[in-house]
>>> print(open('query_38.cif').read())   # mmCIF, C-alpha atoms and all ligand atoms
data_query
loop_
_atom_site.group_PDB
_atom_site.id
_atom_site.type_symbol
_atom_site.label_atom_id
_atom_site.label_comp_id
_atom_site.auth_asym_id
_atom_site.auth_seq_id
_atom_site.Cartn_x
_atom_site.Cartn_y
_atom_site.Cartn_z
ATOM 1 C CA MET A 193 48.714 4.105 -50.209
ATOM 2 C CA GLY A 194 45.787 6.472 -49.616
ATOM 3 C CA GLY A 195 46.175 7.781 -53.161
ATOM 4 C CA LEU A 196 45.492 4.354 -54.569
ATOM 5 C CA LYS A 197 41.774 4.831 -55.080
ATOM 6 C CA LEU A 198 42.019 2.936 -58.286
ATOM 7 C CA ASP A 199 38.975 0.757 -57.773
ATOM 8 C CA LEU A 200 36.723 3.328 -59.341
ATOM 9 C CA LEU A 201 38.860 3.274 -62.452
ATOM 10 C CA HIS A 202 38.844 -0.471 -62.780
ATOM 11 C CA LYS A 203 35.389 -1.894 -62.775
ATOM 12 C CA ASP A 204 36.526 -5.393 -63.708
ATOM 13 C CA MET A 205 38.673 -5.590 -60.591
ATOM 14 C CA LEU A 206 35.813 -4.303 -58.513
ATOM 15 C CA ASP A 207 33.456 -6.859 -60.028
ATOM 16 C CA PHE A 208 35.959 -9.602 -59.365
ATOM 17 C CA GLU A 209 36.355 -8.528 -55.756
ATOM 18 C CA LYS A 210 32.586 -8.885 -55.329
ATOM 19 C CA ILE A 211 32.819 -12.629 -55.881
ATOM 20 C CA LEU A 212 35.521 -12.971 -53.212
ATOM 21 C CA ASN A 213 34.633 -13.860 -49.646
ATOM 22 C CA LEU A 214 35.462 -10.416 -48.258
ATOM 23 C CA PRO A 215 35.684 -9.326 -45.561
ATOM 24 C CA SER A 216 37.013 -12.776 -44.730
ATOM 25 C CA PRO A 217 35.431 -14.310 -41.609
ATOM 26 C CA LEU A 218 36.953 -13.643 -38.195
ATOM 27 C CA GLU A 219 36.142 -16.819 -36.278
ATOM 28 C CA PRO A 220 36.437 -17.137 -32.509
ATOM 29 C CA ILE A 221 38.050 -20.375 -31.319
ATOM 30 C CA SER A 222 37.911 -21.784 -27.835
ATOM 31 C CA ASP A 223 40.084 -23.987 -25.664
ATOM 32 C CA TYR A 224 40.292 -24.416 -21.888
ATOM 33 C CA ARG A 225 43.855 -23.047 -22.125
ATOM 34 C CA PHE A 226 42.504 -19.747 -23.479
ATOM 35 C CA GLU A 227 39.833 -19.591 -20.816
ATOM 36 C CA GLN A 228 42.387 -20.122 -18.033
ATOM 37 C CA LYS A 229 44.174 -16.983 -19.192
ATOM 38 C CA GLY A 230 41.067 -14.976 -20.012
ATOM 39 C CA LEU A 231 42.039 -14.793 -23.682
ATOM 40 C CA LYS A 232 39.858 -14.083 -26.674
ATOM 41 C CA VAL A 233 41.315 -15.890 -29.674
ATOM 42 C CA PHE A 234 40.195 -15.469 -33.287
ATOM 43 C CA VAL A 235 41.294 -16.908 -36.600
ATOM 44 C CA LYS A 236 41.179 -14.536 -39.564
ATOM 45 C CA ARG A 237 40.029 -16.923 -42.279
ATOM 46 C CA ASP A 238 41.822 -15.458 -45.279
ATOM 47 C CA ASP A 239 42.106 -19.061 -46.452
ATOM 48 C CA LEU A 240 38.417 -18.763 -47.381
ATOM 49 C CA ILE A 241 38.749 -15.730 -49.668
ATOM 50 C CA HIS A 242 38.768 -17.730 -52.933
ATOM 51 C CA PRO A 243 39.564 -21.348 -53.872
ATOM 52 C CA GLN A 244 42.600 -20.393 -55.980
ATOM 53 C CA ILE A 245 43.514 -16.886 -54.885
ATOM 54 C CA SER A 246 43.286 -17.419 -51.177
ATOM 55 C CA GLY A 247 45.059 -16.421 -48.019
ATOM 56 C CA ASN A 248 47.471 -13.593 -48.268
ATOM 57 C CA LYS A 249 47.596 -13.959 -52.044
ATOM 58 C CA TRP A 250 44.676 -11.689 -52.845
ATOM 59 C CA ARG A 251 45.901 -9.248 -50.208
ATOM 60 C CA LYS A 252 49.332 -9.052 -51.808
ATOM 61 C CA LEU A 253 48.221 -9.131 -55.441
ATOM 62 C CA LYS A 254 45.295 -6.709 -55.374
ATOM 63 C CA PHE A 255 47.159 -3.407 -55.512
ATOM 64 C CA ASN A 256 49.800 -4.848 -57.824
ATOM 65 C CA LEU A 257 47.099 -5.818 -60.304
ATOM 66 C CA LEU A 258 45.446 -2.424 -59.980
ATOM 67 C CA GLU A 259 48.783 -0.739 -60.583
ATOM 68 C CA ALA A 260 49.431 -2.920 -63.621
ATOM 69 C CA LYS A 261 46.001 -2.031 -65.029
ATOM 70 C CA LYS A 262 46.476 1.658 -64.235
ATOM 71 C CA LEU A 263 49.790 1.695 -66.084
ATOM 72 C CA GLY A 264 48.178 -0.064 -69.037
ATOM 73 C CA TYR A 265 49.923 -3.429 -68.688
ATOM 74 C CA THR A 266 48.081 -6.516 -69.889
ATOM 75 C CA LYS A 267 50.911 -8.952 -69.112
ATOM 76 C CA LEU A 268 52.518 -10.034 -65.848
ATOM 77 C CA ILE A 269 55.826 -11.749 -65.148
ATOM 78 C CA THR A 270 56.815 -13.361 -61.867
ATOM 79 C CA PHE A 271 59.026 -16.016 -60.257
ATOM 80 C CA GLY A 272 58.459 -19.159 -58.241
ATOM 81 C CA GLY A 273 59.338 -22.725 -57.356
ATOM 82 C CA ALA A 274 57.467 -25.855 -58.412
ATOM 83 C CA HIS A 275 55.115 -25.604 -55.406
ATOM 84 C CA SER A 276 54.793 -21.835 -55.098
ATOM 85 C CA ASN A 277 51.392 -20.661 -53.815
ATOM 86 C CA HIS A 278 52.190 -17.258 -55.251
ATOM 87 C CA LEU A 279 52.717 -18.629 -58.745
ATOM 88 C CA TYR A 280 49.486 -20.613 -58.505
ATOM 89 C CA ALA A 281 47.477 -17.584 -57.383
ATOM 90 C CA LEU A 282 49.020 -15.258 -59.943
ATOM 91 C CA ALA A 283 48.268 -17.695 -62.757
ATOM 92 C CA ALA A 284 44.644 -17.867 -61.548
ATOM 93 C CA ALA A 285 44.384 -14.076 -61.192
ATOM 94 C CA GLY A 286 45.720 -13.736 -64.720
ATOM 95 C CA LYS A 287 43.070 -16.086 -66.024
ATOM 96 C CA TYR A 288 40.196 -14.404 -64.165
ATOM 97 C CA LEU A 289 41.277 -10.839 -64.830
ATOM 98 C CA GLY A 290 42.573 -11.150 -68.361
ATOM 99 C CA PHE A 291 46.330 -10.769 -67.903
ATOM 100 C CA GLU A 292 48.765 -12.835 -69.959
ATOM 101 C CA THR A 293 51.177 -14.372 -67.446
ATOM 102 C CA THR A 294 54.742 -15.651 -67.511
ATOM 103 C CA GLY A 295 56.351 -17.562 -64.647
ATOM 104 C CA ILE A 296 60.109 -17.996 -64.353
ATOM 105 C CA ILE A 297 60.500 -21.326 -62.596
ATOM 106 C CA ARG A 298 63.382 -22.463 -60.376
ATOM 107 C CA GLY A 299 64.750 -25.734 -61.807
ATOM 108 C CA ASP A 300 65.593 -26.435 -65.452
ATOM 109 C CA GLU A 301 65.014 -30.155 -64.862
ATOM 110 C CA LEU A 302 61.285 -29.455 -64.410
ATOM 111 C CA ASN A 303 58.421 -29.286 -66.873
ATOM 112 C CA ALA A 304 54.734 -28.361 -66.803
ATOM 113 C CA ASP A 305 53.857 -31.797 -65.412
ATOM 114 C CA SER A 306 56.349 -31.745 -62.547
ATOM 115 C CA SER A 307 53.878 -30.567 -59.905
ATOM 116 C CA LEU A 308 50.196 -29.807 -59.482
ATOM 117 C CA THR A 309 51.085 -26.131 -59.157
ATOM 118 C CA LEU A 310 52.880 -26.084 -62.499
ATOM 119 C CA GLN A 311 50.122 -28.108 -64.140
ATOM 120 C CA TYR A 312 47.501 -25.674 -62.884
ATOM 121 C CA ALA A 313 49.549 -22.616 -63.876
ATOM 122 C CA HIS A 314 49.986 -24.094 -67.345
ATOM 123 C CA GLU A 315 46.245 -24.800 -67.600
ATOM 124 C CA CYS A 316 45.568 -21.172 -66.682
ATOM 125 C CA GLY A 317 47.647 -20.171 -69.696
ATOM 126 C CA MET A 318 50.812 -19.169 -67.862
ATOM 127 C CA ARG A 319 53.941 -19.380 -70.000
ATOM 128 C CA LEU A 320 56.496 -21.318 -67.965
ATOM 129 C CA VAL A 321 60.191 -20.587 -68.365
ATOM 130 C CA PHE A 322 62.432 -23.111 -66.587
ATOM 131 C CA VAL A 323 65.840 -21.891 -65.462
ATOM 132 C CA SER A 324 68.647 -23.519 -63.487
ATOM 133 C CA ARG A 325 68.729 -23.083 -59.736
ATOM 134 C CA GLU A 326 71.927 -21.103 -60.121
ATOM 135 C CA ALA A 327 70.499 -18.745 -62.739
ATOM 136 C CA TYR A 328 67.370 -18.318 -60.601
ATOM 137 C CA ARG A 329 69.372 -16.475 -57.930
ATOM 138 C CA ASP A 330 69.950 -13.463 -60.171
ATOM 139 C CA LYS A 331 66.451 -12.119 -60.777
ATOM 140 C CA GLU A 332 67.680 -8.897 -62.383
ATOM 141 C CA GLU A 333 69.595 -10.844 -64.993
ATOM 142 C CA LEU A 334 66.614 -13.127 -65.627
ATOM 143 C CA LEU A 335 64.419 -10.101 -66.204
ATOM 144 C CA ASN A 336 67.008 -8.712 -68.624
ATOM 145 C CA ILE A 337 66.830 -11.949 -70.573
ATOM 146 C CA TYR A 338 63.167 -12.953 -70.407
ATOM 147 C CA ARG A 339 61.091 -9.864 -69.665
ATOM 148 C CA THR A 340 59.533 -7.876 -72.445
ATOM 149 C CA SER A 341 58.801 -4.202 -71.811
ATOM 150 C CA ASP A 342 55.038 -4.801 -71.837
ATOM 151 C CA GLN A 343 55.214 -7.118 -68.789
ATOM 152 C CA TYR A 344 54.510 -5.819 -65.283
ATOM 153 C CA ILE A 345 56.873 -7.388 -62.737
ATOM 154 C CA VAL A 346 55.434 -9.009 -59.616
ATOM 155 C CA PRO A 347 58.321 -10.118 -57.360
ATOM 156 C CA GLU A 348 58.770 -13.638 -56.000
ATOM 157 C CA GLY A 349 56.255 -14.240 -53.205
ATOM 158 C CA GLY A 350 54.392 -11.093 -54.269
ATOM 159 C CA SER A 351 55.984 -9.071 -51.482
ATOM 160 C CA ASN A 352 56.590 -5.450 -52.455
ATOM 161 C CA ALA A 353 55.404 -1.995 -51.387
ATOM 162 C CA LEU A 354 52.050 -2.446 -53.155
ATOM 163 C CA ALA A 355 51.442 -5.719 -51.322
ATOM 164 C CA LEU A 356 51.485 -3.808 -48.058
ATOM 165 C CA ALA A 357 48.347 -1.872 -48.971
ATOM 166 C CA GLY A 358 46.333 -5.064 -49.346
ATOM 167 C CA VAL A 359 47.573 -6.416 -46.024
ATOM 168 C CA GLY A 360 46.618 -3.068 -44.509
ATOM 169 C CA GLU A 361 43.058 -3.656 -45.708
ATOM 170 C CA MET A 362 43.050 -6.985 -43.886
ATOM 171 C CA TYR A 363 44.046 -5.249 -40.663
ATOM 172 C CA GLN A 364 41.263 -2.686 -41.099
ATOM 173 C CA GLU A 365 38.799 -5.569 -41.559
ATOM 174 C CA ILE A 366 39.971 -7.142 -38.303
ATOM 175 C CA VAL A 367 39.553 -3.913 -36.337
ATOM 176 C CA ALA A 368 36.094 -3.366 -37.847
ATOM 177 C CA GLN A 369 35.027 -6.958 -37.116
ATOM 178 C CA LEU A 370 36.240 -6.857 -33.515
ATOM 179 C CA GLY A 371 35.162 -3.290 -32.882
ATOM 180 C CA TYR A 372 38.520 -2.640 -31.195
ATOM 181 C CA ILE A 373 42.266 -3.022 -31.759
ATOM 182 C CA PRO A 374 43.584 -6.525 -30.939
ATOM 183 C CA ASP A 375 46.531 -6.950 -28.563
ATOM 184 C CA TYR A 376 48.312 -9.521 -30.727
ATOM 185 C CA ILE A 377 48.287 -10.588 -34.354
ATOM 186 C CA ILE A 378 50.287 -13.674 -35.284
ATOM 187 C CA CYS A 379 51.116 -14.601 -38.875
ATOM 188 C CA PRO A 380 53.491 -16.879 -40.758
ATOM 189 C CA VAL A 381 56.550 -15.313 -42.423
ATOM 190 C CA GLY A 382 57.839 -16.544 -45.784
ATOM 191 C CA SER A 383 58.991 -13.679 -47.982
ATOM 192 C CA GLY A 384 57.858 -11.161 -45.359
ATOM 193 C CA GLY A 385 55.255 -9.016 -47.140
ATOM 194 C CA THR A 386 52.443 -9.977 -44.803
ATOM 195 C CA ILE A 387 54.218 -9.090 -41.588
ATOM 196 C CA ALA A 388 55.632 -5.934 -43.180
ATOM 197 C CA GLY A 389 52.086 -4.847 -44.077
ATOM 198 C CA LEU A 390 50.948 -5.422 -40.513
ATOM 199 C CA ILE A 391 53.873 -3.578 -38.921
ATOM 200 C CA ASN A 392 53.157 -0.749 -41.336
ATOM 201 C CA VAL A 393 49.610 -0.108 -40.110
ATOM 202 C CA ALA A 394 49.306 -1.558 -36.612
ATOM 203 C CA PRO A 395 51.612 0.167 -34.118
ATOM 204 C CA LYS A 396 49.245 -0.566 -31.219
ATOM 205 C CA THR A 397 49.046 -4.304 -31.878
ATOM 206 C CA HIS A 398 51.943 -6.562 -30.986
ATOM 207 C CA ILE A 399 52.712 -8.313 -34.286
ATOM 208 C CA VAL A 400 54.347 -11.725 -34.071
ATOM 209 C CA GLY A 401 55.756 -13.354 -37.202
ATOM 210 C CA VAL A 402 56.568 -17.057 -37.252
ATOM 211 C CA CYS A 403 59.315 -17.666 -39.780
ATOM 212 C CA VAL A 404 58.823 -20.919 -41.688
ATOM 213 C CA LEU A 405 62.355 -20.994 -43.108
ATOM 214 C CA LYS A 406 65.536 -22.098 -41.384
ATOM 215 C CA ASN A 407 68.414 -19.622 -40.897
ATOM 216 C CA ALA A 408 66.426 -16.829 -42.477
ATOM 217 C CA GLN A 409 67.308 -13.998 -40.084
ATOM 218 C CA TYR A 410 68.410 -11.998 -43.139
ATOM 219 C CA LEU A 411 64.685 -11.524 -43.825
ATOM 220 C CA GLU A 412 64.367 -9.013 -41.005
ATOM 221 C CA THR A 413 66.289 -6.366 -42.957
ATOM 222 C CA GLU A 414 64.142 -7.030 -46.039
ATOM 223 C CA ILE A 415 60.939 -6.832 -44.027
ATOM 224 C CA LEU A 416 61.891 -3.591 -42.319
ATOM 225 C CA GLY A 417 62.998 -2.216 -45.690
ATOM 226 C CA LEU A 418 59.443 -2.748 -46.970
ATOM 227 C CA VAL A 419 57.756 -0.996 -44.038
ATOM 228 C CA GLU A 420 56.881 2.548 -45.058
ATOM 229 C CA ASN A 421 55.983 3.916 -41.611
ATOM 230 C CA LYS A 422 59.465 4.010 -40.187
ATOM 231 C CA GLU A 423 58.156 5.327 -36.859
ATOM 232 C CA ASN A 424 56.405 1.988 -36.373
ATOM 233 C CA ILE A 425 59.801 0.300 -36.669
ATOM 234 C CA GLU A 426 61.147 2.598 -33.934
ATOM 235 C CA LEU A 427 58.296 1.474 -31.663
ATOM 236 C CA ARG A 428 59.405 -2.149 -32.134
ATOM 237 C CA ASN A 429 55.985 -3.500 -31.248
ATOM 238 C CA PHE A 430 56.707 -6.620 -33.255
ATOM 239 C CA GLU A 431 58.922 -9.671 -33.201
ATOM 240 C CA ILE A 432 59.866 -12.489 -35.532
ATOM 241 C CA LEU A 433 60.308 -15.977 -34.140
ATOM 242 C CA TRP A 434 63.034 -17.980 -35.845
ATOM 243 C CA ASP A 435 62.757 -21.322 -34.040
ATOM 244 C CA PHE A 436 59.479 -22.725 -35.347
ATOM 245 C CA HIS A 437 60.592 -23.845 -38.815
ATOM 246 C CA HIS A 438 60.529 -27.564 -37.886
ATOM 247 C CA GLY A 439 63.570 -28.326 -40.010
ATOM 248 C CA GLY A 440 63.157 -25.713 -42.727
ATOM 249 C CA TYR A 441 60.881 -24.604 -45.524
ATOM 250 C CA ALA A 442 58.167 -27.212 -46.263
ATOM 251 C CA LYS A 443 59.786 -29.579 -43.761
ATOM 252 C CA ASN A 444 57.888 -31.004 -40.831
ATOM 253 C CA THR A 445 58.321 -32.974 -37.626
ATOM 254 C CA PRO A 446 56.094 -35.683 -36.111
ATOM 255 C CA GLU A 447 55.339 -33.190 -33.325
ATOM 256 C CA LEU A 448 54.070 -30.624 -35.838
ATOM 257 C CA LEU A 449 51.979 -33.156 -37.749
ATOM 258 C CA MET A 450 50.432 -34.433 -34.541
ATOM 259 C CA PHE A 451 49.692 -30.885 -33.428
ATOM 260 C CA ILE A 452 47.986 -30.131 -36.758
ATOM 261 C CA GLU A 453 45.817 -33.206 -36.458
ATOM 262 C CA GLN A 454 44.724 -32.229 -32.959
ATOM 263 C CA PHE A 455 44.217 -28.586 -33.940
ATOM 264 C CA GLU A 456 42.015 -29.544 -36.899
ATOM 265 C CA GLU A 457 39.981 -31.923 -34.788
ATOM 266 C CA MET A 458 39.497 -29.411 -32.009
ATOM 267 C CA HIS A 459 38.756 -26.276 -34.031
ATOM 268 C CA HIS A 460 37.419 -27.717 -37.291
ATOM 269 C CA ILE A 461 39.837 -25.553 -39.252
ATOM 270 C CA LYS A 462 41.976 -27.209 -41.904
ATOM 271 C CA THR A 463 45.558 -26.125 -42.022
ATOM 272 C CA GLU A 464 48.863 -27.268 -43.542
ATOM 273 C CA TYR A 465 52.421 -27.718 -42.335
ATOM 274 C CA VAL A 466 54.235 -25.269 -44.635
ATOM 275 C CA TYR A 467 52.864 -21.979 -43.268
ATOM 276 C CA SER A 468 49.800 -21.688 -41.046
ATOM 277 C CA GLY A 469 50.337 -24.990 -39.211
ATOM 278 C CA LYS A 470 53.711 -23.737 -37.989
ATOM 279 C CA MET A 471 52.107 -20.466 -36.932
ATOM 280 C CA PHE A 472 49.302 -22.169 -34.963
ATOM 281 C CA PHE A 473 51.900 -24.433 -33.330
ATOM 282 C CA ALA A 474 54.002 -21.434 -32.301
ATOM 283 C CA PHE A 475 50.932 -19.713 -30.851
ATOM 284 C CA TYR A 476 50.240 -22.675 -28.567
ATOM 285 C CA GLU A 477 53.850 -22.469 -27.366
ATOM 286 C CA LEU A 478 53.613 -18.707 -26.785
ATOM 287 C CA LEU A 479 50.473 -19.305 -24.802
ATOM 288 C CA LYS A 480 52.523 -20.987 -22.082
ATOM 289 C CA ASN A 481 54.460 -17.920 -20.984
ATOM 290 C CA LYS A 482 54.406 -15.105 -23.507
ATOM 291 C CA ILE A 483 50.837 -14.039 -24.258
ATOM 292 C CA LYS A 484 49.527 -11.696 -21.557
ATOM 293 C CA ASN A 485 46.369 -12.650 -19.680
ATOM 294 C CA ASN A 486 43.036 -11.119 -20.728
ATOM 295 C CA SER A 487 44.215 -10.143 -24.171
ATOM 296 C CA THR A 488 42.778 -10.577 -27.662
ATOM 297 C CA VAL A 489 44.810 -12.590 -30.149
ATOM 298 C CA VAL A 490 44.145 -12.826 -33.890
ATOM 299 C CA LEU A 491 45.809 -15.642 -35.833
ATOM 300 C CA ILE A 492 46.045 -15.078 -39.583
ATOM 301 C CA HIS A 493 45.218 -18.180 -41.613
ATOM 302 C CA THR A 494 47.123 -17.282 -44.763
ATOM 303 C CA GLY A 495 45.809 -20.217 -46.801
ATOM 304 C CA GLY A 496 48.051 -22.594 -48.697
ATOM 305 C CA LEU A 497 45.426 -25.347 -48.941
ATOM 306 C CA ARG A 498 44.401 -26.366 -52.423
HETATM 307 C C1 LIG B 501 50.004 -19.851 -47.786
HETATM 308 C C2 LIG B 501 51.046 -18.864 -47.417
HETATM 309 N N1 LIG B 501 51.060 -18.379 -46.176
HETATM 310 C C3 LIG B 501 51.999 -17.502 -45.780
HETATM 311 C C4 LIG B 501 52.986 -17.063 -46.633
HETATM 312 C C5 LIG B 501 54.011 -16.126 -46.124
HETATM 313 O O1 LIG B 501 53.699 -14.818 -46.444
HETATM 314 P P1 LIG B 501 54.834 -13.778 -46.755
HETATM 315 O O2 LIG B 501 55.570 -14.297 -47.960
HETATM 316 O O3 LIG B 501 54.100 -12.521 -47.024
HETATM 317 O O4 LIG B 501 55.720 -13.707 -45.572
HETATM 318 C C6 LIG B 501 53.007 -17.531 -47.961
HETATM 319 C C7 LIG B 501 54.013 -17.073 -48.927
HETATM 320 O O5 LIG B 501 53.831 -16.088 -49.581
HETATM 321 C C8 LIG B 501 52.013 -18.469 -48.357
HETATM 322 O O6 LIG B 501 51.983 -18.974 -49.601
#
>>> encode(input="query_38.cif", output="structure tokens")
Amino acid sequence: MGGLKLDLLHKDMLDFEKILNLPSPLEPISDYRFEQKGLKVFVKRDDLIHPQISGNKWRKLKFNLLEAKKLGYTKLITFGGAHSNHLYALAAAGKYLGFETTGIIRGDELNADSSLTLQYAHECGMRLVFVSREAYRDKEELLNIYRTSDQYIVPEGGSNALALAGVGEMYQEIVAQLGYIPDYIICPVGSGGTIAGLINVAPKTHIVGVCVLKNAQYLETEILGLVENKENIELRNFEILWDFHHGGYAKNTPELLMFIEQFEEMHHIKTEYVYSGKMFFAFYELLKNKIKNNSTVVLIHTGGLR
């Protein structure tokens, strides 16, 4: 993505980026369990980037929005469910940066009042198109029907090749903030763009993805398909954990909820049970026998709090 020096061309994007909390803070956290193992543990607070476009959303949208502007698009079209963080952030980005937005929504029984996400997207001016759950599966067909040629397509979850460049910037921030390359980075995995972006740029860091969906092993092929540096795949300095979904996407267990409560109390960092809470939980499990002594671990707080 080195050729993507588009910032100079797009002053409005650059101005917008100035109001974001970037580089996002890298906060050390402490716990006697870390001390016992000689660990340095940090949380990359991407959740603090912006109230509406937070977490990995800015990372994944930035180069897509630049590309859209470069190609002369003023309209965006995307997909999402009634509670999609991606949809929410894209609607906000559209409002702030002057794109007209359309969201194709899973569920023809829904309307603009069905969730806070949809309400907010509607308030931002997003045109909402509700389609049946069955129709939603065939994105190509939906684009044939609903997309006009002046709309730039951002995929569901925002995970595509351009998203990787933004995640790469996050990794560069981490290395600059630490002053060295961390041993581990742990992040949640939903559609896979975040972990793909990390694998792409960080061959010397062991990347651990915590999948928040049940039975989603198919994602591995999609993730590796996104990674541009194929030699980093050969190195296999990454892994995806499939057993920390706590029942499935947006599901939780009493154990997870109790963990989150304790985590928030101990570290004064708010989290949620859909993405980052599952990742923090998994980290505490890995701590028992997987994380090597005397290493540096960075946990990516990908946001999701409204
Ligand atoms: C708050 C939050 N964290 C993490 C993720 C997972 O990231 P990815 O889809 O890149 O795997 C998502 C979904 O995009 C999300 O909304």
>>> closest_atom_pairs(input="query_38.cif", of="chain A", to="ligand LIG 501 (chain B)", cutoff="10 Å", atoms="all atoms listed in the file", output="Markdown table")
| residue | atom | partner | partner_atom | distance |
| --- | --- | --- | --- | --- |
| A:Asp238 | CA | B:LIG501 | C1 | 9.6 |
| A:Asp239 | CA | B:LIG501 | C1 | 8.0 |
| A:Ser246 | CA | B:LIG501 | C1 | 7.9 |
| A:Gly247 | CA | B:LIG501 | C1 | 6.0 |
| A:Asn248 | CA | B:LIG501 | N1 | 6.3 |
| A:Lys249 | CA | B:LIG501 | O5 | 7.0 |
| A:Arg251 | CA | B:LIG501 | O3 | 9.4 |
| A:Lys252 | CA | B:LIG501 | O3 | 7.6 |
| A:His275 | CA | B:LIG501 | O6 | 9.4 |
| A:Ser276 | CA | B:LIG501 | O6 | 6.8 |
| A:Asn277 | CA | B:LIG501 | O6 | 4.6 |
| A:His278 | CA | B:LIG501 | O6 | 5.9 |
| A:Leu279 | CA | B:LIG501 | O6 | 9.2 |
| A:Tyr280 | CA | B:LIG501 | O6 | 9.4 |
| A:Ala281 | CA | B:LIG501 | O6 | 9.1 |
| A:Glu348 | CA | B:LIG501 | O5 | 8.5 |
| A:Gly349 | CA | B:LIG501 | O5 | 4.7 |
| A:Gly350 | CA | B:LIG501 | O5 | 6.9 |
| A:Ser351 | CA | B:LIG501 | O3 | 5.9 |
| A:Asn352 | CA | B:LIG501 | O3 | 9.3 |
| A:Ala355 | CA | B:LIG501 | O3 | 8.5 |
| A:Leu356 | CA | B:LIG501 | O3 | 9.2 |
| A:Val359 | CA | B:LIG501 | O3 | 9.0 |
| A:Cys379 | CA | B:LIG501 | C3 | 7.5 |
| A:Pro380 | CA | B:LIG501 | C3 | 5.3 |
| A:Val381 | CA | B:LIG501 | O4 | 3.6 |
| A:Gly382 | CA | B:LIG501 | O4 | 3.5 |
| A:Ser383 | CA | B:LIG501 | O2 | 3.5 |
| A:Gly384 | CA | B:LIG501 | O4 | 3.3 |
| A:Gly385 | CA | B:LIG501 | O3 | 3.7 |
| A:Thr386 | CA | B:LIG501 | O3 | 3.8 |
| A:Ile387 | CA | B:LIG501 | O4 | 6.3 |
| A:Ala388 | CA | B:LIG501 | O3 | 7.8 |
| A:Gly389 | CA | B:LIG501 | O3 | 8.5 |
| A:Gly401 | CA | B:LIG501 | O4 | 8.4 |
| A:Val402 | CA | B:LIG501 | O4 | 9.0 |
| A:Cys403 | CA | B:LIG501 | O4 | 7.9 |
| A:Val404 | CA | B:LIG501 | C5 | 8.1 |
| A:Leu411 | CA | B:LIG501 | O4 | 9.4 |
| A:Ile415 | CA | B:LIG501 | O4 | 8.8 |
| A:Thr463 | CA | B:LIG501 | C1 | 9.6 |
| A:Glu464 | CA | B:LIG501 | C1 | 8.6 |
| A:Tyr465 | CA | B:LIG501 | C1 | 9.9 |
| A:Val466 | CA | B:LIG501 | C1 | 7.6 |
| A:Tyr467 | CA | B:LIG501 | N1 | 5.0 |
| A:Ser468 | CA | B:LIG501 | N1 | 6.2 |
| A:Gly469 | CA | B:LIG501 | N1 | 9.6 |
| A:Met471 | CA | B:LIG501 | C3 | 9.3 |
| A:Ile492 | CA | B:LIG501 | N1 | 8.9 |
| A:His493 | CA | B:LIG501 | N1 | 7.4 |
| A:Thr494 | CA | B:LIG501 | N1 | 4.3 |
| A:Gly495 | CA | B:LIG501 | C1 | 4.3 |
| A:Gly496 | CA | B:LIG501 | C1 | 3.5 |
| A:Leu497 | CA | B:LIG501 | C1 | 7.2 |
| A:Arg498 | CA | B:LIG501 | C1 | 9.8 |
>>> resolve_selection(input="query_38.cif", expression="the PyMOL selection byres (((chain A and resi 304) around 12) and not hetatm)", output="ChimeraX atom specification")
/A:273-275,295-297,299-303,305-322
>>> residues_around(input="query_38.cif", residues="region 396-398 of chain A", least_positions_apart="2", cutoff="6 Å", atoms="all atoms listed in the file", output="list in words")
Pro374, Asp375, Tyr376, Ala394, Asn429 and Phe430 of chain A
>>> resolve_selection(input="query_38.cif", expression="the PyMOL selection byres (((chain A and resi 448) around 8) and not hetatm)", output="list in words")
His438, Asn444, Thr445, Pro446, Glu447, Leu449, Met450, Phe451, Ile452, Tyr465, Gly469, Lys470 and Phe473 of chain A
>>> closest_residue(input="query_38.cif", among="A:Trp250, A:Thr340, A:Leu335, A:Asp207", to="Lys267 (chain A)", atoms="only C-alpha atoms")
A:Thr340
>>> atom_distance(input="query_38.cif", atom1="CA of Lys232 (chain A)", atom2="CA of Phe436 (chain A)")
23.1 Å
>>> atom_distance(input="query_38.cif", atom1="CA of Tyr441 (chain A)", atom2="CA of Ala283 (chain A)")
22.4 Å
>>> resolve_selection(input="query_38.cif", expression="the PyMOL selection byres (((chain A and resi 483) around 12) and not hetatm)", output="VMD selection string")
chain A and resid 225 to 226 229 to 233 375 to 378 398 to 400 474 to 482 484 to 490
>>> atom_distance(input="query_38.cif", atom1="CA of Pro217 (chain A)", atom2="CA of Arg237 (chain A)")
5.3 Å
>>> closest_residue(input="query_38.cif", among="A:Tyr344, A:Phe208, A:Phe271, A:Phe472", to="Arg329 (chain A)", atoms="all atoms listed in the file")
A:Phe271
>>> closest_residue(input="query_38.cif", among="A:Ile221, A:Val346, A:Phe255, A:Met362", to="Ile241 (chain A)", atoms="only C-alpha atoms")
A:Met362
>>> residues_near_point(input="query_38.cif", point="(35.9, -6.1, -39.9)", cutoff="12 Å", atoms="all atoms listed in the file", output="PyMOL selection string")
chain A and resi 214-219+236-237+361-374
>>> axis_aligned_box(input="query_38.cif", around="region 369-382 of chain A", padding_each_side="5 Å", output="lines of an AutoDock Vina configuration file")
center_x = 46.4
center_y = -9.8
center_z = -37.2
size_x = 32.8
size_y = 24.2
size_z = 27.2
>>> closest_residue(input="query_38.cif", among="A:Ala442, A:Ile391, A:Gln343, A:Gln228", to="Leu418 (chain A)", atoms="only C-alpha atoms")
A:Ile391
>>> residues_around(input="query_38.cif", residues="Asn421 (chain A)", least_positions_apart="3", cutoff="8 Å", atoms="only C-alpha atoms", output="list in words")
Asn392, Val393, Asn424 and Ile425 of chain A
>>> closest_residue(input="query_38.cif", among="A:Glu426, A:Glu332, A:Asp223, A:Asp342", to="Thr294 (chain A)", atoms="only C-alpha atoms")
A:Asp342
>>> closest_residue(input="query_38.cif", among="A:Ala408, A:Ile245, A:Met205, A:Ile345", to="Tyr265 (chain A)", atoms="all atoms listed in the file")
A:Ile345
